[in-house]
file coords.cif (mmCIF, C-alpha atoms)
data_data
#
loop_
_atom_site.label_atom_id
_atom_site.label_comp_id
_atom_site.auth_asym_id
_atom_site.auth_seq_id
_atom_site.Cartn_x
_atom_site.Cartn_y
_atom_site.Cartn_z
CA MET O 28 -124.84 -96.48 -57.47
CA ILE O 29 -127.84 -96.64 -55.19
CA ALA O 30 -130.75 -94.86 -56.87
CA GLY O 31 -132.71 -91.89 -55.64
CA GLY O 32 -135.87 -92.94 -53.84
CA THR O 33 -134.18 -95.97 -52.30
CA SER O 34 -134.18 -96.41 -48.55
CA VAL O 35 -130.62 -96.52 -47.26
CA PRO O 36 -129.57 -100.07 -46.34
CA GLU O 37 -128.20 -100.98 -42.95
CA PHE O 38 -124.48 -100.21 -42.80
CA THR O 39 -121.66 -99.61 -40.38
CA LEU O 40 -118.80 -97.18 -40.93
CA LYS O 41 -116.10 -96.20 -38.46
CA ARG O 42 -115.57 -92.68 -37.18
CA ALA O 43 -112.08 -91.42 -36.38
CA ASP O 44 -112.55 -92.25 -32.70
CA GLY O 45 -113.39 -95.86 -33.56
CA SER O 46 -117.10 -95.56 -32.85
CA ASP O 47 -119.74 -96.76 -35.29
CA PHE O 48 -121.63 -94.57 -37.72
CA THR O 49 -124.78 -96.35 -38.82
CA ARG O 50 -128.08 -95.77 -40.54
CA ALA O 51 -129.46 -94.48 -37.26
CA ASP O 52 -127.02 -91.55 -37.42
CA LEU O 53 -128.74 -90.33 -40.58
CA GLU O 54 -132.16 -89.94 -39.01
CA GLY O 55 -133.48 -86.40 -38.83
CA LYS O 56 -130.57 -84.97 -40.81
CA THR O 57 -129.73 -84.16 -44.38
CA THR O 58 -126.52 -85.99 -45.21
CA VAL O 59 -124.17 -86.11 -48.16
CA PHE O 60 -121.84 -89.10 -48.48
CA VAL O 61 -118.83 -88.29 -50.59
CA PHE O 62 -117.43 -91.64 -51.67
CA TYR O 63 -113.83 -91.21 -52.80
CA PRO O 64 -111.25 -93.77 -53.99
CA PHE O 65 -108.10 -93.12 -51.98
CA ALA O 66 -106.83 -90.81 -49.28
CA PHE O 67 -103.89 -88.69 -50.47
CA SER O 68 -104.63 -89.24 -54.15
CA PRO O 69 -104.64 -86.10 -56.31
CA VAL O 70 -108.28 -85.94 -57.38
CA CYS O 71 -109.55 -86.85 -53.91
CA THR O 72 -107.39 -84.06 -52.55
CA ASP O 73 -108.88 -81.55 -54.96
CA GLN O 74 -112.38 -82.81 -54.22
CA LEU O 75 -112.22 -82.46 -50.45
CA ASN O 76 -110.43 -79.12 -50.73
CA LEU O 77 -113.12 -77.75 -53.02
CA TYR O 78 -116.03 -78.97 -50.92
CA GLU O 79 -114.36 -77.63 -47.79
CA GLU O 80 -114.26 -74.19 -49.37
CA VAL O 81 -118.06 -74.11 -49.61
CA LEU O 82 -118.79 -76.08 -46.46
CA GLU O 83 -120.58 -73.14 -44.87
CA ASP O 84 -122.94 -73.08 -47.81
CA PHE O 85 -123.70 -76.75 -47.36
CA GLU O 86 -124.32 -76.13 -43.68
CA ALA O 87 -126.61 -73.22 -44.56
CA LYS O 88 -128.64 -75.71 -46.58
CA GLY O 89 -128.81 -77.95 -43.55
CA ALA O 90 -126.56 -80.58 -45.10
CA THR O 91 -123.67 -82.38 -43.44
CA LEU O 92 -120.95 -83.84 -45.64
CA TYR O 93 -118.96 -86.96 -44.81
CA GLY O 94 -116.02 -88.37 -46.73
CA VAL O 95 -116.29 -92.15 -47.17
CA SER O 96 -113.43 -94.36 -48.31
CA CYS O 97 -111.97 -97.80 -47.68
CA ASP O 98 -108.90 -96.30 -46.03
CA ALA O 99 -108.24 -97.05 -42.37
CA THR O 100 -109.31 -94.39 -39.89
CA TYR O 101 -105.66 -93.55 -39.20
CA SER O 102 -105.04 -92.89 -42.89
CA GLN O 103 -108.21 -90.83 -43.18
CA THR O 104 -107.27 -88.77 -40.15
CA ALA O 105 -103.78 -88.14 -41.52
CA PHE O 106 -105.30 -87.16 -44.88
CA LYS O 107 -107.78 -84.80 -43.22
CA GLU O 108 -105.07 -83.19 -41.12
CA LYS O 109 -102.70 -82.86 -44.07
CA LEU O 110 -105.35 -81.06 -46.10
CA GLY O 111 -106.57 -79.00 -43.19
CA VAL O 112 -110.18 -79.85 -43.95
CA THR O 113 -112.93 -80.33 -41.40
CA ILE O 114 -115.19 -82.70 -43.36
CA GLU O 115 -115.61 -85.76 -41.12
CA GLN O 116 -114.21 -88.96 -42.53
CA LEU O 117 -115.89 -92.36 -42.25
CA SER O 118 -113.97 -95.57 -42.83
CA ASP O 119 -115.23 -98.61 -44.74
CA PHE O 120 -112.04 -100.52 -44.00
CA GLU O 121 -113.21 -103.77 -42.40
CA PRO O 122 -114.98 -105.65 -43.78
CA LYS O 123 -113.49 -103.79 -46.67
CA GLY O 124 -115.97 -101.95 -48.82
CA ALA O 125 -119.07 -103.44 -47.19
CA THR O 126 -120.88 -100.12 -47.02
CA CYS O 127 -119.72 -99.09 -50.48
CA ARG O 128 -121.11 -102.35 -51.80
CA ALA O 129 -124.39 -101.77 -49.96
CA PHE O 130 -124.61 -98.40 -51.75
CA ASP O 131 -123.53 -100.03 -55.03
CA ALA O 132 -120.57 -97.69 -55.00
CA TYR O 133 -117.70 -100.17 -54.99
CA HIS O 134 -115.26 -100.22 -57.89
CA GLU O 135 -114.10 -103.62 -59.09
CA GLY O 136 -110.57 -102.36 -58.60
CA GLY O 137 -111.06 -102.60 -54.84
CA PHE O 138 -111.90 -99.02 -53.91
CA PRO O 139 -114.96 -96.77 -53.74
CA GLN O 140 -116.32 -95.27 -56.89
CA ARG O 141 -116.19 -91.50 -56.97
CA ALA O 142 -119.80 -91.04 -56.05
CA LEU O 143 -122.18 -88.87 -54.10
CA ALA O 144 -125.33 -89.71 -52.19
CA LEU O 145 -127.72 -87.13 -50.78
CA ILE O 146 -129.80 -88.72 -48.04
CA GLY O 147 -132.84 -87.09 -46.50
CA PRO O 148 -133.79 -87.02 -42.83
CA ASP O 149 -136.06 -90.01 -43.46
CA GLY O 150 -133.14 -92.19 -44.51
CA VAL O 151 -134.15 -92.20 -48.16
CA VAL O 152 -131.66 -91.36 -50.89
CA ARG O 153 -132.87 -88.14 -52.52
CA TRP O 154 -130.18 -88.06 -55.21
CA SER O 155 -127.09 -89.94 -56.19
CA TYR O 156 -124.30 -89.49 -58.66
CA GLN O 157 -121.46 -91.64 -59.87
CA ALA O 158 -118.66 -90.07 -61.87
CA ALA O 159 -118.02 -91.58 -65.28
CA SER O 160 -114.52 -92.35 -64.10
CA PRO O 161 -112.89 -92.28 -60.65
CA GLY O 162 -110.63 -89.59 -62.09
CA ASP O 163 -113.54 -87.24 -62.74
CA LEU O 164 -114.31 -84.75 -60.03
CA PRO O 165 -117.99 -83.78 -59.62
CA GLY O 166 -118.43 -80.07 -59.08
CA ALA O 167 -119.93 -78.78 -55.86
CA ASN O 168 -122.65 -77.20 -57.98
CA LEU O 169 -124.15 -80.66 -58.59
CA ILE O 170 -124.71 -81.17 -54.88
CA PHE O 171 -126.28 -77.73 -54.52
CA ASP O 172 -128.55 -78.52 -57.46
CA ALA O 173 -129.68 -81.66 -55.66
CA LEU O 174 -130.18 -79.83 -52.38
CA ASP O 175 -132.31 -77.21 -54.15
CA ALA O 176 -134.41 -79.76 -56.06
CA MET S 9 -126.20 -66.26 -48.72
CA SER S 10 -126.26 -66.63 -52.47
CA GLU S 11 -126.97 -69.92 -54.15
CA LEU S 12 -124.32 -72.19 -55.61
CA GLY S 13 -126.43 -74.26 -57.97
CA SER S 14 -125.36 -74.70 -61.56
CA ALA S 15 -125.20 -71.64 -63.76
CA PRO S 16 -123.32 -70.69 -66.92
CA VAL S 17 -119.98 -68.94 -66.76
CA PRO S 18 -120.84 -65.23 -66.54
CA GLU S 19 -120.30 -63.20 -69.67
CA PRO S 20 -117.15 -61.10 -69.53
CA SER S 21 -117.88 -57.52 -68.63
CA ASP S 22 -116.09 -54.28 -67.89
CA ALA S 23 -115.97 -55.35 -64.27
CA ASP S 24 -113.61 -58.17 -65.21
CA HIS S 25 -109.85 -57.94 -65.46
CA ARG S 26 -109.11 -58.19 -69.18
CA ARG S 27 -105.85 -58.06 -71.09
CA GLY S 28 -104.78 -58.60 -74.67
CA ALA S 29 -106.59 -58.73 -77.96
CA GLY S 30 -108.12 -61.63 -79.80
CA PRO S 31 -110.59 -64.38 -79.00
CA VAL S 32 -111.83 -64.01 -75.45
CA THR S 33 -110.59 -66.65 -73.02
CA ILE S 34 -111.68 -66.81 -69.41
CA VAL S 35 -109.28 -68.33 -66.92
CA TYR S 36 -110.16 -69.28 -63.36
CA ALA S 37 -106.89 -69.44 -61.48
CA ASP S 38 -105.15 -68.87 -58.19
CA PHE S 39 -101.82 -67.20 -57.58
CA GLU S 40 -100.35 -70.06 -55.57
CA CYS S 41 -101.14 -72.71 -58.18
CA PRO S 42 -97.99 -73.67 -60.13
CA PHE S 43 -100.00 -74.95 -63.07
CA CYS S 44 -101.71 -71.56 -63.27
CA ALA S 45 -98.36 -69.78 -63.34
CA ALA S 46 -97.14 -72.02 -66.15
CA LEU S 47 -100.36 -71.47 -68.08
CA GLU S 48 -100.17 -67.71 -67.66
CA LEU S 49 -96.72 -67.65 -69.23
CA ARG S 50 -98.08 -69.47 -72.25
CA LEU S 51 -101.23 -67.37 -72.51
CA ARG S 52 -99.11 -64.22 -72.73
CA GLU S 53 -97.59 -65.57 -75.93
CA LEU S 54 -100.95 -66.13 -77.60
CA ALA S 55 -103.15 -63.65 -79.44
CA LEU S 56 -105.97 -63.76 -76.93
CA GLU S 57 -107.97 -61.46 -74.76
CA VAL S 58 -107.59 -63.03 -71.33
CA VAL S 59 -110.24 -62.55 -68.67
CA PHE S 60 -108.87 -63.43 -65.25
CA ARG S 61 -111.10 -64.67 -62.46
CA HIS S 62 -110.06 -65.76 -58.99
CA PHE S 63 -110.51 -69.35 -57.84
CA PRO S 64 -108.56 -69.63 -54.59
CA VAL S 65 -109.02 -72.77 -52.51
CA ARG S 66 -107.60 -72.23 -49.05
CA SER S 67 -106.85 -75.78 -48.04
CA SER S 68 -104.97 -76.37 -51.29
CA HIS S 69 -103.09 -73.10 -51.30
CA PRO S 70 -103.14 -71.23 -48.00
CA ARG S 71 -101.77 -68.01 -49.49
CA ALA S 72 -104.04 -68.01 -52.54
CA TRP S 73 -106.70 -65.91 -50.84
CA PRO S 74 -104.33 -63.23 -49.52
CA ALA S 75 -102.66 -63.11 -52.92
CA ALA S 76 -106.00 -62.72 -54.68
CA CYS S 77 -106.94 -59.93 -52.29
CA ALA S 78 -103.59 -58.26 -52.92
CA ALA S 79 -104.26 -58.31 -56.65
CA GLU S 80 -107.67 -56.73 -56.10
CA ALA S 81 -106.21 -54.10 -53.78
CA ALA S 82 -103.69 -53.30 -56.50
CA ALA S 83 -106.58 -53.15 -58.98
CA ASP S 84 -108.14 -50.45 -56.81
CA GLN S 85 -105.06 -48.41 -57.64
CA GLY S 86 -105.14 -49.35 -61.31
CA ARG S 87 -102.37 -51.94 -61.18
CA PHE S 88 -104.09 -55.33 -61.29
CA TRP S 89 -102.12 -56.86 -64.14
CA GLU S 90 -98.80 -55.66 -62.82
CA MET S 91 -99.55 -57.26 -59.46
CA HIS S 92 -100.89 -60.36 -61.24
CA ASP S 93 -97.60 -60.78 -63.06
CA LEU S 94 -95.51 -60.17 -59.96
CA LEU S 95 -97.50 -62.71 -57.94
CA PHE S 96 -97.15 -65.41 -60.56
CA SER S 97 -93.46 -64.62 -61.04
CA ASP S 98 -92.47 -65.80 -57.54
CA GLN S 99 -94.96 -68.12 -55.90
CA ALA S 100 -92.55 -69.05 -53.14
CA ARG S 101 -92.93 -65.57 -51.67
CA LEU S 102 -96.57 -64.83 -50.95
CA GLU S 103 -96.42 -63.93 -47.26
CA ASP S 104 -97.54 -60.47 -46.17
CA PRO S 105 -94.06 -58.85 -46.29
CA HIS S 106 -93.68 -60.16 -49.84
CA LEU S 107 -97.04 -58.64 -50.80
CA TRP S 108 -96.01 -55.31 -49.27
CA ASP S 109 -92.74 -55.48 -51.19
CA ARG S 110 -94.59 -55.97 -54.45
CA ALA S 111 -96.89 -53.06 -53.63
CA ARG S 112 -93.85 -50.87 -52.98
CA ARG S 113 -92.24 -51.93 -56.25
CA LEU S 114 -95.41 -50.93 -58.09
CA GLY S 115 -95.44 -47.56 -56.36
CA LEU S 116 -98.77 -48.20 -54.67
CA ASP S 117 -100.03 -46.24 -51.70
CA LEU S 118 -98.99 -48.91 -49.21
CA GLU S 119 -101.32 -47.88 -46.40
CA ARG S 120 -104.29 -47.88 -48.74
CA PHE S 121 -103.19 -51.16 -50.29
CA ASP S 122 -103.03 -52.83 -46.91
CA THR S 123 -106.40 -51.49 -45.85
CA ASP S 124 -108.07 -52.41 -49.12
CA ARG S 125 -106.73 -55.94 -49.29
CA ARG S 126 -108.28 -56.69 -45.91
CA GLY S 127 -111.53 -54.90 -46.72
CA ASP S 128 -115.00 -56.19 -47.42
CA ALA S 129 -115.12 -54.91 -50.99
CA VAL S 130 -112.05 -56.83 -52.04
CA ARG S 131 -113.21 -59.96 -50.25
CA ALA S 132 -116.60 -59.68 -51.96
CA ARG S 133 -114.93 -59.37 -55.35
CA VAL S 134 -112.77 -62.45 -54.90
CA THR S 135 -115.71 -64.37 -53.46
CA ALA S 136 -117.92 -63.43 -56.41
CA ASP S 137 -115.34 -64.73 -58.87
CA PHE S 138 -114.89 -67.94 -56.91
CA ARG S 139 -118.60 -68.59 -56.59
CA SER S 140 -119.20 -67.97 -60.28
CA GLY S 141 -116.63 -70.67 -60.93
CA VAL S 142 -118.26 -73.10 -58.52
CA ARG S 143 -121.63 -72.55 -60.18
CA ALA S 144 -120.06 -73.20 -63.58
CA GLY S 145 -118.63 -76.48 -62.36
CA VAL S 146 -115.01 -75.41 -61.96
CA VAL S 147 -113.33 -78.00 -59.75
CA THR S 148 -109.67 -77.15 -59.91
CA THR S 149 -107.26 -74.65 -61.37
CA PRO S 150 -106.50 -73.55 -63.92
CA ALA S 151 -109.84 -73.77 -65.71
CA LEU S 152 -110.08 -72.30 -69.19
CA PHE S 153 -113.16 -71.30 -71.14
CA ALA S 154 -113.36 -69.94 -74.66
CA TRP S 155 -116.05 -67.31 -74.93
CA GLY S 156 -118.15 -67.31 -78.06
CA ASP S 157 -121.62 -66.84 -79.47
CA ARG S 158 -122.84 -69.81 -77.48
CA GLY S 159 -121.32 -68.67 -74.21
CA ALA S 160 -118.40 -70.24 -72.42
CA GLU S 161 -116.95 -73.50 -73.66
CA PRO S 162 -114.44 -75.45 -71.58
CA VAL S 163 -111.16 -75.81 -73.42
CA ASP S 164 -107.60 -76.75 -72.67
CA LEU S 165 -104.44 -75.01 -73.78
CA ALA S 166 -103.81 -77.39 -76.65
CA GLU S 167 -107.26 -76.69 -78.05
CA LEU S 168 -106.74 -72.95 -77.73
CA GLU S 169 -103.44 -73.22 -79.56
CA ARG S 170 -105.02 -75.34 -82.25
CA ARG S 171 -107.75 -72.79 -82.81
CA LEU S 172 -105.20 -70.01 -83.04
CA GLY S 173 -102.98 -71.99 -85.37
CA SER S 174 -100.23 -71.56 -82.83
CA PRO S 175 -98.95 -75.00 -81.84
CA ARG S 176 -96.73 -75.38 -78.84
CA THR S 177 -93.13 -74.74 -79.76
CA SER S 178 -91.48 -75.77 -76.52
#

call {"tool": "encode", "arguments": {"input": "coords.cif", "output": "structure tokens"}}
result
Amino acid sequence: MIAGGTSVPEFTLKRADGSDFTRADLEGKTTVFVFYPFAFSPVCTDQLNLYEEVLEDFEAKGATLYGVSCDATYSQTAFKEKLGVTIEQLSDFEPKGATCRAFDAYHEGGFPQRALALIGPDGVVRWSYQAASPGDLPGANLIFDALDA
Amino acid sequence: MSELGSAPVPEPSDADHRRGAGPVTIVYADFECPFCAALELRLRELALEVVFRHFPVRSSHPRAWPAACAAEAAADQGRFWEMHDLLFSDQARLEDPHLWDRARRLGLDLERFDTDRRGDAVRARVTADFRSGVRAGVVTTPALFAWGDRGAEPVDLAELERRLGSPRTS
């Protein structure tokens, strides 16, 4: 996983409307990338549901969360709508996993690691975390700890 | 707005909902979670003091919050555990009329119940439980902690049963 203190590499993800989300979109904002393995999988479901529940607290800290996976935008949108969450989803579908690889957050099994990256307004990673296993769900408290550091 | 950074599981206090006698076990749960209902049935069979804390997640279980608030409104009339048991006993019926029906069956003052469950005090109580769980790293329900000299220790049911010398029989 990309280390804290590292400048974010150039990358391109796709928003639900098909437009690009790039490094330039991080400038001037505090951003949290939530890399998750698969839309509709049980742990990813629990993770987005939990973070959604405290989304106002993230916003109060000035942080914007994005879900990042290798699922197609259509799958991500269906997942988001099924859960009823508002966390924006960004797709790393084609070329598959290119952004995850750039963040060193790509699992050899062909999906994103379960990982978090807190990126400052200057485009530098302030903190990152990779779960010991894709089945482990990092608590929201860890992100708040990083935001408060 | 209070912080949500890491913090230990709060020590059980008189403000908590507590039932039973034995080693203290804290459970973070929600009333729409089927795994929580199954766990509760098992916990009732064990020699434990159970401390119940709310951990409702709306997008997972849309009726978990109203159910938690109903339990707290019942608590205001001294009937938390009775409402707790009724909620877990039929998770397919958690809409408002079903909550009113449970309140009637418990002989609660229905008007007061309905006012309280929508009130700020009840919401604050449920929120406080939930946020204490977030700070302690709870990520899903049910989450069990054994309380001891060193504070709260995450455990699962099998470990609790092992400690009690009460292995699962079914």

call {"tool": "closest_residue", "arguments": {"input": "coords.cif", "among": "S:Phe121, S:Trp108, S:Phe88, S:Phe96", "to": "Asp38 (chain S)", "atoms": "only C-alpha atoms"}}
result
S:Phe96

call {"tool": "interface_residues", "arguments": {"input": "coords.cif", "of": "chain O", "to": "chain S", "cutoff": "6 Å", "atoms": "only C-alpha atoms", "output": "PyMOL selection string"}}
result
chain O and resi 76+110-111+166+168+171-172

call {"tool": "closest_residue", "arguments": {"input": "coords.cif", "among": "S:Asp137, S:Asp109, S:Asp98, S:Glu169", "to": "Ile34 (chain S)", "atoms": "all atoms listed in the file"}}
result
S:Asp137

call {"tool": "atom_distance", "arguments": {"input": "coords.cif", "atom1": "CA of Ile29 (chain O)", "atom2": "CA of Tyr101 (chain O)"}}
result
27.5 Å

call {"tool": "atom_distance", "arguments": {"input": "coords.cif", "atom1": "CA of Val151 (chain O)", "atom2": "CA of Pro165 (chain O)"}}
result
21.5 Å

call {"tool": "resolve_selection", "arguments": {"input": "coords.cif", "expression": "the PyMOL selection byres ((chain S and resi 77) around 8)", "output": "list of chain:residue names"}}
result
S:Trp73, S:Pro74, S:Ala75, S:Ala76, S:Ala78, S:Ala79, S:Glu80, S:Ala81, S:Arg125, S:Arg126, S:Val130, S:Arg131, S:Val134

call {"tool": "resolve_selection", "arguments": {"input": "coords.cif", "expression": "the PyMOL selection byres ((chain S and resi 151-157) around 12)", "output": "PyMOL selection string"}}
result
chain S and resi 16-21+30-38+41+43-44+47-48+51+56-64+138+141-142+144-150+158-169+171-172

call {"tool": "atom_distance", "arguments": {"input": "coords.cif", "atom1": "CA of Lys123 (chain O)", "atom2": "CA of Glu135 (chain O)"}}
result
12.4 Å

call {"tool": "closest_residue", "arguments": {"input": "coords.cif", "among": "O:Gly124, O:Val59, O:Ala51, O:Pro64", "to": "Glu86 (chain O)", "atoms": "only C-alpha atoms"}}
result
O:Val59

call {"tool": "resolve_selection", "arguments": {"input": "coords.cif", "expression": "the PyMOL selection byres ((chain S and resi 94) around 10)", "output": "PyMOL selection string"}}
result
chain S and resi 39+79+88-93+95-99+107+110-111+113-114

call {"tool": "residues_around", "arguments": {"input": "coords.cif", "residues": "Glu37 (chain O)", "least_positions_apart": "2", "cutoff": "9 Å", "atoms": "all atoms listed in the file", "output": "PyMOL selection string"}}
result
chain O and resi 35+39+49-51+126+129

call {"tool": "write_last_selection", "arguments": {"input": "coords.cif", "atoms": "C-alpha atoms", "output": "PDB file, in the frame of the given file"}}
result
ATOM      1  CA  VAL O  35    -130.620 -96.520 -47.260  1.00  0.00           C
ATOM      2  CA  THR O  39    -121.660 -99.610 -40.380  1.00  0.00           C
ATOM      3  CA  THR O  49    -124.780 -96.350 -38.820  1.00  0.00           C
ATOM      4  CA  ARG O  50    -128.080 -95.770 -40.540  1.00  0.00           C
ATOM      5  CA  ALA O  51    -129.460 -94.480 -37.260  1.00  0.00           C
ATOM      6  CA  THR O 126    -120.880-100.120 -47.020  1.00  0.00           C
ATOM      7  CA  ALA O 129    -124.390-101.770 -49.960  1.00  0.00           C
TER       8      ALA O 129
END

call {"tool": "closest_residue", "arguments": {"input": "coords.cif", "among": "O:Leu164, O:Ser96, O:Lys56, O:Gly32", "to": "Arg128 (chain O)", "atoms": "only C-alpha atoms"}}
result
O:Ser96

call {"tool": "closest_residue", "arguments": {"input": "coords.cif", "among": "O:Pro161, O:Gly89, O:Gly45, O:Pro69", "to": "Gly147 (chain O)", "atoms": "only C-alpha atoms"}}
result
O:Gly89

call {"tool": "build_atoms", "arguments": {"input": "coords.cif", "residues": "region 64-92 of chain O", "atoms": "N, CA and C atoms", "output": "PDB file, keeping the file's coordinate frame"}}
result
ATOM      1  N   PRO O  64    -112.073 -92.554 -53.853  1.00  0.00           N
ATOM      2  CA  PRO O  64    -111.250 -93.770 -53.990  1.00  0.00           C
ATOM      3  C   PRO O  64    -110.140 -93.917 -52.952  1.00  0.00           C
ATOM      4  N   PHE O  65    -109.285 -92.929 -52.818  1.00  0.00           N
ATOM      5  CA  PHE O  65    -108.100 -93.120 -51.980  1.00  0.00           C
ATOM      6  C   PHE O  65    -107.695 -91.827 -51.264  1.00  0.00           C
ATOM      7  N   ALA O  66    -107.437 -91.938 -49.979  1.00  0.00           N
ATOM      8  CA  ALA O  66    -106.830 -90.810 -49.280  1.00  0.00           C
ATOM      9  C   ALA O  66    -105.477 -90.487 -49.921  1.00  0.00           C
ATOM     10  N   PHE O  67    -105.164 -89.226 -49.964  1.00  0.00           N
ATOM     11  CA  PHE O  67    -103.890 -88.690 -50.470  1.00  0.00           C
ATOM     12  C   PHE O  67    -103.756 -88.735 -51.988  1.00  0.00           C
ATOM     13  N   SER O  68    -104.737 -89.253 -52.693  1.00  0.00           N
ATOM     14  CA  SER O  68    -104.630 -89.240 -54.150  1.00  0.00           C
ATOM     15  C   SER O  68    -105.001 -87.849 -54.676  1.00  0.00           C
ATOM     16  N   PRO O  69    -104.496 -87.490 -55.860  1.00  0.00           N
ATOM     17  CA  PRO O  69    -104.640 -86.100 -56.310  1.00  0.00           C
ATOM     18  C   PRO O  69    -106.082 -85.619 -56.472  1.00  0.00           C
ATOM     19  N   VAL O  70    -106.909 -86.402 -57.127  1.00  0.00           N
ATOM     20  CA  VAL O  70    -108.280 -85.940 -57.380  1.00  0.00           C
ATOM     21  C   VAL O  70    -109.079 -85.876 -56.077  1.00  0.00           C
ATOM     22  N   CYS O  71    -108.858 -86.858 -55.218  1.00  0.00           N
ATOM     23  CA  CYS O  71    -109.550 -86.850 -53.910  1.00  0.00           C
ATOM     24  C   CYS O  71    -109.136 -85.629 -53.103  1.00  0.00           C
ATOM     25  N   THR O  72    -107.880 -85.266 -53.221  1.00  0.00           N
ATOM     26  CA  THR O  72    -107.390 -84.060 -52.550  1.00  0.00           C
ATOM     27  C   THR O  72    -108.118 -82.829 -53.063  1.00  0.00           C
ATOM     28  N   ASP O  73    -108.183 -82.706 -54.379  1.00  0.00           N
ATOM     29  CA  ASP O  73    -108.880 -81.550 -54.960  1.00  0.00           C
ATOM     30  C   ASP O  73    -110.355 -81.547 -54.556  1.00  0.00           C
ATOM     31  N   GLN O  74    -110.946 -82.732 -54.515  1.00  0.00           N
ATOM     32  CA  GLN O  74    -112.380 -82.810 -54.220  1.00  0.00           C
ATOM     33  C   GLN O  74    -112.680 -82.340 -52.795  1.00  0.00           C
ATOM     34  N   LEU O  75    -111.944 -82.863 -51.841  1.00  0.00           N
ATOM     35  CA  LEU O  75    -112.220 -82.460 -50.450  1.00  0.00           C
ATOM     36  C   LEU O  75    -111.869 -80.990 -50.232  1.00  0.00           C
ATOM     37  N   ASN O  76    -110.787 -80.535 -50.867  1.00  0.00           N
ATOM     38  CA  ASN O  76    -110.430 -79.120 -50.730  1.00  0.00           C
ATOM     39  C   ASN O  76    -111.540 -78.218 -51.269  1.00  0.00           C
ATOM     40  N   LEU O  77    -112.069 -78.579 -52.420  1.00  0.00           N
ATOM     41  CA  LEU O  77    -113.120 -77.750 -53.020  1.00  0.00           C
ATOM     42  C   LEU O  77    -114.376 -77.743 -52.157  1.00  0.00           C
ATOM     43  N   TYR O  78    -114.799 -78.904 -51.718  1.00  0.00           N
ATOM     44  CA  TYR O  78    -116.030 -78.970 -50.920  1.00  0.00           C
ATOM     45  C   TYR O  78    -115.849 -78.256 -49.582  1.00  0.00           C
ATOM     46  N   GLU O  79    -114.634 -78.338 -49.042  1.00  0.00           N
ATOM     47  CA  GLU O  79    -114.360 -77.630 -47.790  1.00  0.00           C
ATOM     48  C   GLU O  79    -114.559 -76.125 -47.957  1.00  0.00           C
ATOM     49  N   GLU O  80    -114.190 -75.630 -49.116  1.00  0.00           N
ATOM     50  CA  GLU O  80    -114.260 -74.190 -49.370  1.00  0.00           C
ATOM     51  C   GLU O  80    -115.703 -73.676 -49.319  1.00  0.00           C
ATOM     52  N   VAL O  81    -116.652 -74.537 -49.610  1.00  0.00           N
ATOM     53  CA  VAL O  81    -118.060 -74.110 -49.610  1.00  0.00           C
ATOM     54  C   VAL O  81    -118.851 -74.850 -48.523  1.00  0.00           C
ATOM     55  N   LEU O  82    -118.141 -75.302 -47.520  1.00  0.00           N
ATOM     56  CA  LEU O  82    -118.790 -76.080 -46.460  1.00  0.00           C
ATOM     57  C   LEU O  82    -119.857 -75.262 -45.728  1.00  0.00           C
ATOM     58  N   GLU O  83    -119.584 -73.981 -45.540  1.00  0.00           N
ATOM     59  CA  GLU O  83    -120.580 -73.140 -44.870  1.00  0.00           C
ATOM     60  C   GLU O  83    -121.870 -73.072 -45.662  1.00  0.00           C
ATOM     61  N   ASP O  84    -121.742 -73.111 -46.972  1.00  0.00           N
ATOM     62  CA  ASP O  84    -122.940 -73.080 -47.810  1.00  0.00           C
ATOM     63  C   ASP O  84    -123.732 -74.375 -47.695  1.00  0.00           C
ATOM     64  N   PHE O  85    -123.005 -75.480 -47.587  1.00  0.00           N
ATOM     65  CA  PHE O  85    -123.700 -76.750 -47.360  1.00  0.00           C
ATOM     66  C   PHE O  85    -124.418 -76.709 -46.008  1.00  0.00           C
ATOM     67  N   GLU O  86    -123.725 -76.200 -45.013  1.00  0.00           N
ATOM     68  CA  GLU O  86    -124.320 -76.130 -43.680  1.00  0.00           C
ATOM     69  C   GLU O  86    -125.551 -75.220 -43.691  1.00  0.00           C
ATOM     70  N   ALA O  87    -125.467 -74.137 -44.467  1.00  0.00           N
ATOM     71  CA  ALA O  87    -126.610 -73.220 -44.560  1.00  0.00           C
ATOM     72  C   ALA O  87    -127.821 -73.905 -45.182  1.00  0.00           C
ATOM     73  N   LYS O  88    -127.557 -74.910 -45.981  1.00  0.00           N
ATOM     74  CA  LYS O  88    -128.640 -75.710 -46.580  1.00  0.00           C
ATOM     75  C   LYS O  88    -129.087 -76.836 -45.653  1.00  0.00           C
ATOM     76  N   GLY O  89    -128.445 -76.907 -44.504  1.00  0.00           N
ATOM     77  CA  GLY O  89    -128.810 -77.950 -43.550  1.00  0.00           C
ATOM     78  C   GLY O  89    -128.191 -79.296 -43.839  1.00  0.00           C
ATOM     79  N   ALA O  90    -127.176 -79.310 -44.702  1.00  0.00           N
ATOM     80  CA  ALA O  90    -126.560 -80.580 -45.100  1.00  0.00           C
ATOM     81  C   ALA O  90    -125.216 -80.778 -44.418  1.00  0.00           C
ATOM     82  N   THR O  91    -124.968 -82.019 -44.019  1.00  0.00           N
ATOM     83  CA  THR O  91    -123.670 -82.380 -43.440  1.00  0.00           C
ATOM     84  C   THR O  91    -122.965 -83.338 -44.392  1.00  0.00           C
ATOM     85  N   LEU O  92    -121.727 -82.997 -44.736  1.00  0.00           N
ATOM     86  CA  LEU O  92    -120.950 -83.840 -45.640  1.00  0.00           C
ATOM     87  C   LEU O  92    -120.061 -84.784 -44.846  1.00  0.00           C
TER      88      LEU O  92
END
